[in-house]
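See structure below.
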Amino acid sequence: MKLTKLDYDNAVDRDLYSGLIRLHILHHAVEEPIFGLGMAEELARHGYRISPGTLYPLLHGLEKKGYLKSKQVREGKSLRKVYRATPRGRKALIAAKGKVRELIGELMEGKERW
Ligand SMILES: [Zn+2]
């Protein structure tokens, strides 16, 4: 079976992939400042189609948990909200990497039992 574009805004996919999307956002916010539209494009590049109506609450949620911190940056005439990972966000990502590595190991073991 070949999977093409994952539609993240499909409710089932959203449940299944929301943790991955959060980790993906956190990963990029550790590396560089991110903003909503840029992050939506990055996720689309990986095959997750995600609408602003879904993405912005994720960003706000990560900020509320203290993993991201935002500030307004002037871009020409408009203001853009830019996010960076906090020290707490960096720690959370490091912890998550261990779990993701373990999961990938298990997922890729290659024993299909069905
Ligand atoms: Zn990426």
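For the structure tokens, the naming scheme is as follows: chains receive sequential letters (A, B, ...) according to their order of presentation, residues are indexed from 1 within each chain, and ligands are indexed from 1 in presentation order.
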Residue contacts of Glu63 of chain A (12 Å, only C-alpha atoms) excluding same-chain residues fewer than 2 positions away, as a ChimeraX atom specification: /A:22,25-26,29,56-61,65-71,81-86,88-89
Cut-off 7 Å, only C-alpha atoms and all ligand atoms, neighbours of ligand 1 as a VMD selection string: chain A and resid 24 28 42 to 43 46
Residue list (strand (DSSP E), DSSP) for chain A, as a list in words: Leu6, Asp7, Ile34, Phe35, Tyr48, Arg49, Leu68, Lys69, Ser70, Lys71, Gln72, Val73, Arg74, Glu75, Ser78, Leu79, Arg80, Lys81, Val82, Tyr83, Arg84 and Ala85 of chain A
Using DSSP assignments from the backbone, pull out every residue in segment 41-97 of chain A that falls under alpha helix (DSSP H) and give it to me as an mmCIF file with N, CA and C atoms, in the first residue's frame.
```cif
data_model
loop_
_atom_site.group_PDB
_atom_site.id
_atom_site.type_symbol
_atom_site.label_atom_id
_atom_site.label_comp_id
_atom_site.auth_asym_id
_atom_site.auth_seq_id
_atom_site.Cartn_x
_atom_site.Cartn_y
_atom_site.Cartn_z
ATOM 1 N N GLU A 41 4.636 25.387 5.960
ATOM 2 C CA GLU A 41 5.327 24.988 4.719
ATOM 3 C C GLU A 41 6.296 23.849 4.972
ATOM 4 N N GLU A 42 7.009 23.922 6.091
ATOM 5 C CA GLU A 42 7.960 22.861 6.438
ATOM 6 C C GLU A 42 7.213 21.538 6.648
ATOM 7 N N LEU A 43 6.094 21.591 7.343
ATOM 8 C CA LEU A 43 5.315 20.371 7.584
ATOM 9 C C LEU A 43 4.745 19.830 6.272
ATOM 10 N N ALA A 44 4.336 20.740 5.387
ATOM 11 C CA ALA A 44 3.806 20.316 4.082
ATOM 12 C C ALA A 44 4.895 19.589 3.288
ATOM 13 N N ARG A 45 6.135 20.071 3.419
ATOM 14 C CA ARG A 45 7.274 19.443 2.748
ATOM 15 C C ARG A 45 7.418 17.976 3.193
ATOM 16 N N PRO A 52 -3.925 26.653 9.142
ATOM 17 C CA PRO A 52 -3.595 27.576 10.231
ATOM 18 C C PRO A 52 -4.496 27.353 11.448
ATOM 19 N N GLY A 53 -5.749 26.998 11.185
ATOM 20 C CA GLY A 53 -6.696 26.770 12.282
ATOM 21 C C GLY A 53 -6.311 25.600 13.167
ATOM 22 N N THR A 54 -5.468 24.708 12.647
ATOM 23 C CA THR A 54 -4.969 23.591 13.441
ATOM 24 C C THR A 54 -3.586 23.901 14.005
ATOM 25 N N LEU A 55 -2.777 24.556 13.188
ATOM 26 C CA LEU A 55 -1.382 24.809 13.585
ATOM 27 C C LEU A 55 -1.271 25.819 14.728
ATOM 28 N N TYR A 56 -2.031 26.921 14.634
ATOM 29 C CA TYR A 56 -1.858 27.972 15.636
ATOM 30 C C TYR A 56 -2.213 27.499 17.050
ATOM 31 N N PRO A 57 -3.297 26.754 17.225
ATOM 32 C CA PRO A 57 -3.562 26.231 18.574
ATOM 33 C C PRO A 57 -2.440 25.311 19.078
ATOM 34 N N LEU A 58 -1.781 24.574 18.166
ATOM 35 C CA LEU A 58 -0.650 23.733 18.584
ATOM 36 C C LEU A 58 0.493 24.600 19.106
ATOM 37 N N LEU A 59 0.796 25.663 18.356
ATOM 38 C CA LEU A 59 1.866 26.574 18.780
ATOM 39 C C LEU A 59 1.530 27.221 20.122
ATOM 40 N N HIS A 60 0.272 27.677 20.255
ATOM 41 C CA HIS A 60 -0.140 28.305 21.515
ATOM 42 C C HIS A 60 -0.058 27.307 22.662
ATOM 43 N N GLY A 61 -0.448 26.074 22.390
ATOM 44 C CA GLY A 61 -0.408 25.036 23.419
ATOM 45 C C GLY A 61 1.015 24.771 23.889
ATOM 46 N N LEU A 62 1.944 24.728 22.940
ATOM 47 C CA LEU A 62 3.349 24.495 23.284
ATOM 48 C C LEU A 62 3.912 25.682 24.078
ATOM 49 N N GLU A 63 3.419 26.863 23.748
ATOM 50 C CA GLU A 63 3.871 28.045 24.496
ATOM 51 C C GLU A 63 3.293 28.027 25.915
ATOM 52 N N LYS A 64 2.040 27.638 26.009
ATOM 53 C CA LYS A 64 1.379 27.591 27.313
ATOM 54 C C LYS A 64 2.071 26.591 28.257
ATOM 55 N N PRO A 87 14.474 26.683 27.426
ATOM 56 C CA PRO A 87 15.298 25.592 27.994
ATOM 57 C C PRO A 87 14.440 24.377 28.338
ATOM 58 N N ARG A 88 13.239 24.622 28.833
ATOM 59 C CA ARG A 88 12.323 23.528 29.151
ATOM 60 C C ARG A 88 11.934 22.742 27.889
ATOM 61 N N GLY A 89 11.724 23.482 26.780
ATOM 62 C CA GLY A 89 11.399 22.846 25.514
ATOM 63 C C GLY A 89 12.557 21.997 25.006
ATOM 64 N N ARG A 90 13.777 22.503 25.171
ATOM 65 C CA ARG A 90 14.967 21.737 24.756
ATOM 66 C C ARG A 90 15.060 20.433 25.537
ATOM 67 N N LYS A 91 14.834 20.543 26.851
ATOM 68 C CA LYS A 91 14.891 19.341 27.700
ATOM 69 C C LYS A 91 13.835 18.331 27.281
ATOM 70 N N ALA A 92 12.624 18.839 27.023
ATOM 71 C CA ALA A 92 11.522 17.950 26.637
ATOM 72 C C ALA A 92 11.854 17.241 25.325
ATOM 73 N N LEU A 93 12.494 17.969 24.409
ATOM 74 C CA LEU A 93 12.835 17.371 23.123
ATOM 75 C C LEU A 93 13.888 16.270 23.299
ATOM 76 N N ILE A 94 14.869 16.529 24.137
ATOM 77 C CA ILE A 94 15.915 15.517 24.386
ATOM 78 C C ILE A 94 15.282 14.248 24.956
ATOM 79 N N ALA A 95 14.389 14.432 25.928
ATOM 80 C CA ALA A 95 13.714 13.269 26.526
ATOM 81 C C ALA A 95 12.897 12.531 25.468
ATOM 82 N N ALA A 96 12.212 13.299 24.619
ATOM 83 C CA ALA A 96 11.356 12.685 23.589
ATOM 84 C C ALA A 96 12.188 11.923 22.570
ATOM 85 N N LYS A 97 13.390 12.430 22.271
ATOM 86 C CA LYS A 97 14.243 11.756 21.283
ATOM 87 C C LYS A 97 14.535 10.325 21.704
#
```
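Computed from the coordinates, the atom CA of Ile104 of chain A to atom CA of Asp15 of chain A distance equals 18.6 Å.
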Point-to-point distance from atom CA of Tyr17 of chain A to atom CA of Tyr48 of chain A, Å rounded to tenths: 9.1 Å
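Interatomic distance, atom CA of Arg74 of chain A against atom CA of Leu37 of chain A: 15.1 Å.
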